[in-house]
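See below for the structure under consideration.
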Amino acid sequence: MSMSVASTDSAALTWHRHLTARAAAGAARLLIKLPPRRLRRFLEVTGAGTRPATEEQALAARRAVVTVSSRCAGQGCLQRSVATVLLCQLRGVRPDWCTGVRTQPFVAHAWVEVDGKPVGESDDVRLYHTLMSVRRPVRGPRR
């Protein structure tokens with residue numbers, strides 16, 4: 001996967017937020033070793049019962065994991081995106097998780113979205129074709 005993160009994405013964290021972000025980044029490092037289908041299923045199951053994340057919540061989680069993990073701040077987009085989702089889920093919310101590719105040149109990438117908008121990503125992410133995602137179910141109005 002590709003796309004490194006600029007160092008301006010880091011944030012000042014409380015000790016509690018630092019520990020939870022480090023735990024999310026560590027758990028994500030283990031989870032990304034799972035086969036893609038199992039990783040997707042894990043994120044679906046653990047995200048059950050969460051509310052949709054706001055863009056601010058997802059961006060804050062992304063900045064936290066980038067701050068505590070050089071791998072997440074660098075080329076580790078898969079670990080960064082999974083850690084962002086996990087950290088959000090600890091707060092009872094969840095952004096959408098996506099992976100995809102672009103063909104010219106061929107590059108794979110993973111990211112999070114809120115309301116169909118990539119969070120904390122460059123505009124280049126719109127060139128990617130989503131291959132796998134974990135999205136919140138869209139629910140109609142209650143009757």
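As shown in the structure tokens, the chain order sets the letters A, B, ...; within each chain, residues go from 1, and ligands are also counted from 1 in the order they appear.
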
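Surrounding stretch 68-73 of chain A within 7 Å are A:Ser4, A:Val5, A:His18, A:Ala21, A:Arg22, A:Ala25, A:Ala64, A:Val65, A:Gly76, A:Cys77, A:Gln79, A:Arg80, with only C-alpha atoms counted and residues fewer than 3 positions along the same chain left out.
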
Would you mind listing, for every residue of stretch 22-64 of chain A within 12 Å of stretch 92-104 of chain A, the two atoms forming the shortest contact and the distance between them in Å to one decimal, using only C-alpha atoms, sorted by chain and ascending residue number, as a Markdown table?
```
| residue | atom | partner | partner_atom | distance |
| --- | --- | --- | --- | --- |
| A:Pro36 | CA | A:Thr99 | CA | 10.0 |
| A:Leu39 | CA | A:Trp97 | CA | 10.9 |
| A:Arg40 | CA | A:Trp97 | CA | 8.9 |
| A:Arg41 | CA | A:Trp97 | CA | 11.8 |
| A:Phe42 | CA | A:Trp97 | CA | 11.9 |
| A:Leu43 | CA | A:Trp97 | CA | 8.5 |
| A:Glu44 | CA | A:Trp97 | CA | 9.8 |
| A:Val45 | CA | A:Arg94 | CA | 11.8 |
| A:Thr46 | CA | A:Arg94 | CA | 9.8 |
| A:Gly47 | CA | A:Arg94 | CA | 6.6 |
| A:Ala48 | CA | A:Arg94 | CA | 9.2 |
| A:Gly49 | CA | A:Gly92 | CA | 7.9 |
| A:Thr50 | CA | A:Val93 | CA | 4.8 |
| A:Arg51 | CA | A:Val93 | CA | 4.6 |
| A:Pro52 | CA | A:Arg94 | CA | 5.3 |
| A:Ala53 | CA | A:Val93 | CA | 4.8 |
| A:Thr54 | CA | A:Pro95 | CA | 7.6 |
| A:Glu55 | CA | A:Pro95 | CA | 8.2 |
| A:Glu56 | CA | A:Pro95 | CA | 10.6 |
| A:Gln57 | CA | A:Val93 | CA | 8.3 |
| A:Ala58 | CA | A:Pro95 | CA | 6.4 |
| A:Leu59 | CA | A:Pro95 | CA | 9.9 |
| A:Ala60 | CA | A:Pro95 | CA | 11.8 |
| A:Ala61 | CA | A:Pro95 | CA | 10.2 |
| A:Arg62 | CA | A:Pro95 | CA | 10.8 |
```

I need the residues from that last selection saved to file as a CSV table (one decimal), in the first residue's frame (with N, CA, C and O atoms), if you can.
```csv
chain,number,residue,atom,x,y,z
A,36,PRO,N,-7.7,-11.0,4.1
A,36,PRO,CA,-8.6,-9.9,3.9
A,36,PRO,C,-10.1,-10.2,4.3
A,36,PRO,O,-10.7,-9.3,4.9
A,39,LEU,N,-10.3,-10.1,8.1
A,39,LEU,CA,-10.1,-8.8,8.6
A,39,LEU,C,-11.4,-8.0,8.4
A,39,LEU,O,-11.9,-7.3,9.3
A,40,ARG,N,-12.0,-8.1,7.2
A,40,ARG,CA,-13.3,-7.4,7.0
A,40,ARG,C,-14.3,-7.9,8.0
A,40,ARG,O,-15.1,-7.1,8.5
A,41,ARG,N,-14.4,-9.2,8.2
A,41,ARG,CA,-15.4,-9.7,9.1
A,41,ARG,C,-15.2,-9.2,10.5
A,41,ARG,O,-16.2,-8.9,11.2
A,42,PHE,N,-14.0,-9.2,10.9
A,42,PHE,CA,-13.6,-8.7,12.3
A,42,PHE,C,-14.1,-7.3,12.4
A,42,PHE,O,-14.7,-6.9,13.5
A,43,LEU,N,-13.9,-6.4,11.5
A,43,LEU,CA,-14.3,-5.0,11.6
A,43,LEU,C,-15.8,-4.9,11.5
A,43,LEU,O,-16.4,-4.0,12.2
A,44,GLU,N,-16.5,-5.8,10.8
A,44,GLU,CA,-17.9,-5.7,10.8
A,44,GLU,C,-18.5,-6.1,12.1
A,44,GLU,O,-19.4,-5.4,12.6
A,45,VAL,N,-18.0,-7.2,12.7
A,45,VAL,CA,-18.5,-7.7,14.0
A,45,VAL,C,-18.2,-6.7,15.1
A,45,VAL,O,-19.1,-6.4,15.9
A,46,THR,N,-17.0,-6.2,15.2
A,46,THR,CA,-16.6,-5.3,16.3
A,46,THR,C,-17.3,-4.0,16.2
A,46,THR,O,-17.4,-3.3,17.1
A,47,GLY,N,-17.7,-3.6,15.0
A,47,GLY,CA,-18.4,-2.3,14.8
A,47,GLY,C,-19.9,-2.4,15.0
A,47,GLY,O,-20.5,-1.3,14.9
A,48,ALA,N,-20.4,-3.5,15.2
A,48,ALA,CA,-21.9,-3.6,15.4
A,48,ALA,C,-22.3,-2.8,16.6
A,48,ALA,O,-21.6,-2.8,17.7
A,49,GLY,N,-23.3,-2.1,16.5
A,49,GLY,CA,-23.9,-1.3,17.6
A,49,GLY,C,-23.2,0.1,17.7
A,49,GLY,O,-23.6,0.8,18.7
A,50,THR,N,-22.3,0.4,16.9
A,50,THR,CA,-21.7,1.8,16.9
A,50,THR,C,-22.5,2.8,16.1
A,50,THR,O,-23.3,2.4,15.3
A,51,ARG,N,-22.3,4.0,16.5
A,51,ARG,CA,-22.9,5.1,15.7
A,51,ARG,C,-22.0,5.6,14.6
A,51,ARG,O,-20.8,5.3,14.6
A,52,PRO,N,-22.5,6.3,13.6
A,52,PRO,CA,-21.6,6.8,12.5
A,52,PRO,C,-20.6,7.8,13.1
A,52,PRO,O,-21.0,8.6,13.9
A,53,ALA,N,-19.4,7.7,12.7
A,53,ALA,CA,-18.4,8.7,13.2
A,53,ALA,C,-18.6,10.0,12.4
A,53,ALA,O,-19.0,10.0,11.2
A,54,THR,N,-18.3,11.1,13.0
A,54,THR,CA,-18.2,12.4,12.3
A,54,THR,C,-16.9,12.5,11.7
A,54,THR,O,-15.9,11.8,12.1
A,55,GLU,N,-16.8,13.4,10.8
A,55,GLU,CA,-15.5,13.6,10.1
A,55,GLU,C,-14.4,14.1,11.2
A,55,GLU,O,-13.3,13.6,11.1
A,56,GLU,N,-14.8,14.9,12.1
A,56,GLU,CA,-13.9,15.4,13.2
A,56,GLU,C,-13.4,14.2,14.0
A,56,GLU,O,-12.3,14.1,14.4
A,57,GLN,N,-14.3,13.3,14.4
A,57,GLN,CA,-13.9,12.1,15.2
A,57,GLN,C,-13.0,11.2,14.5
A,57,GLN,O,-12.0,10.8,15.1
A,58,ALA,N,-13.2,11.0,13.2
A,58,ALA,CA,-12.4,10.1,12.4
A,58,ALA,C,-11.0,10.8,12.2
A,58,ALA,O,-10.0,10.1,12.3
A,59,LEU,N,-11.0,12.1,12.0
A,59,LEU,CA,-9.7,12.8,11.8
A,59,LEU,C,-8.9,12.8,13.0
A,59,LEU,O,-7.7,12.6,13.0
A,60,ALA,N,-9.6,13.0,14.2
A,60,ALA,CA,-8.9,13.0,15.5
A,60,ALA,C,-8.3,11.6,15.7
A,60,ALA,O,-7.1,11.5,16.2
A,61,ALA,N,-9.0,10.6,15.4
A,61,ALA,CA,-8.5,9.2,15.6
A,61,ALA,C,-7.3,9.0,14.7
A,61,ALA,O,-6.2,8.4,15.1
A,62,ARG,N,-7.4,9.4,13.5
A,62,ARG,CA,-6.3,9.2,12.5
A,62,ARG,C,-5.1,10.0,12.9
A,62,ARG,O,-4.0,9.4,12.9
```

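One distance worth recording is that between atom CA of A:Gly116 and atom CA of A:Leu131, which is 14.6 Å.
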
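Atom CA of A:Leu90 is positioned 12.1 Å from atom CA of A:Leu19.
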
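Distances to A:His109 were evaluated for A:Leu87, A:Leu34, A:Val66, A:Met132 using only C-alpha atoms, and the minimum falls at A:Met132.
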
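Among the candidates A:Lys33, A:Ser133, A:Ser81, A:Asp124, the one nearest to A:Val112 when counting only C-alpha atoms is A:Ser81.
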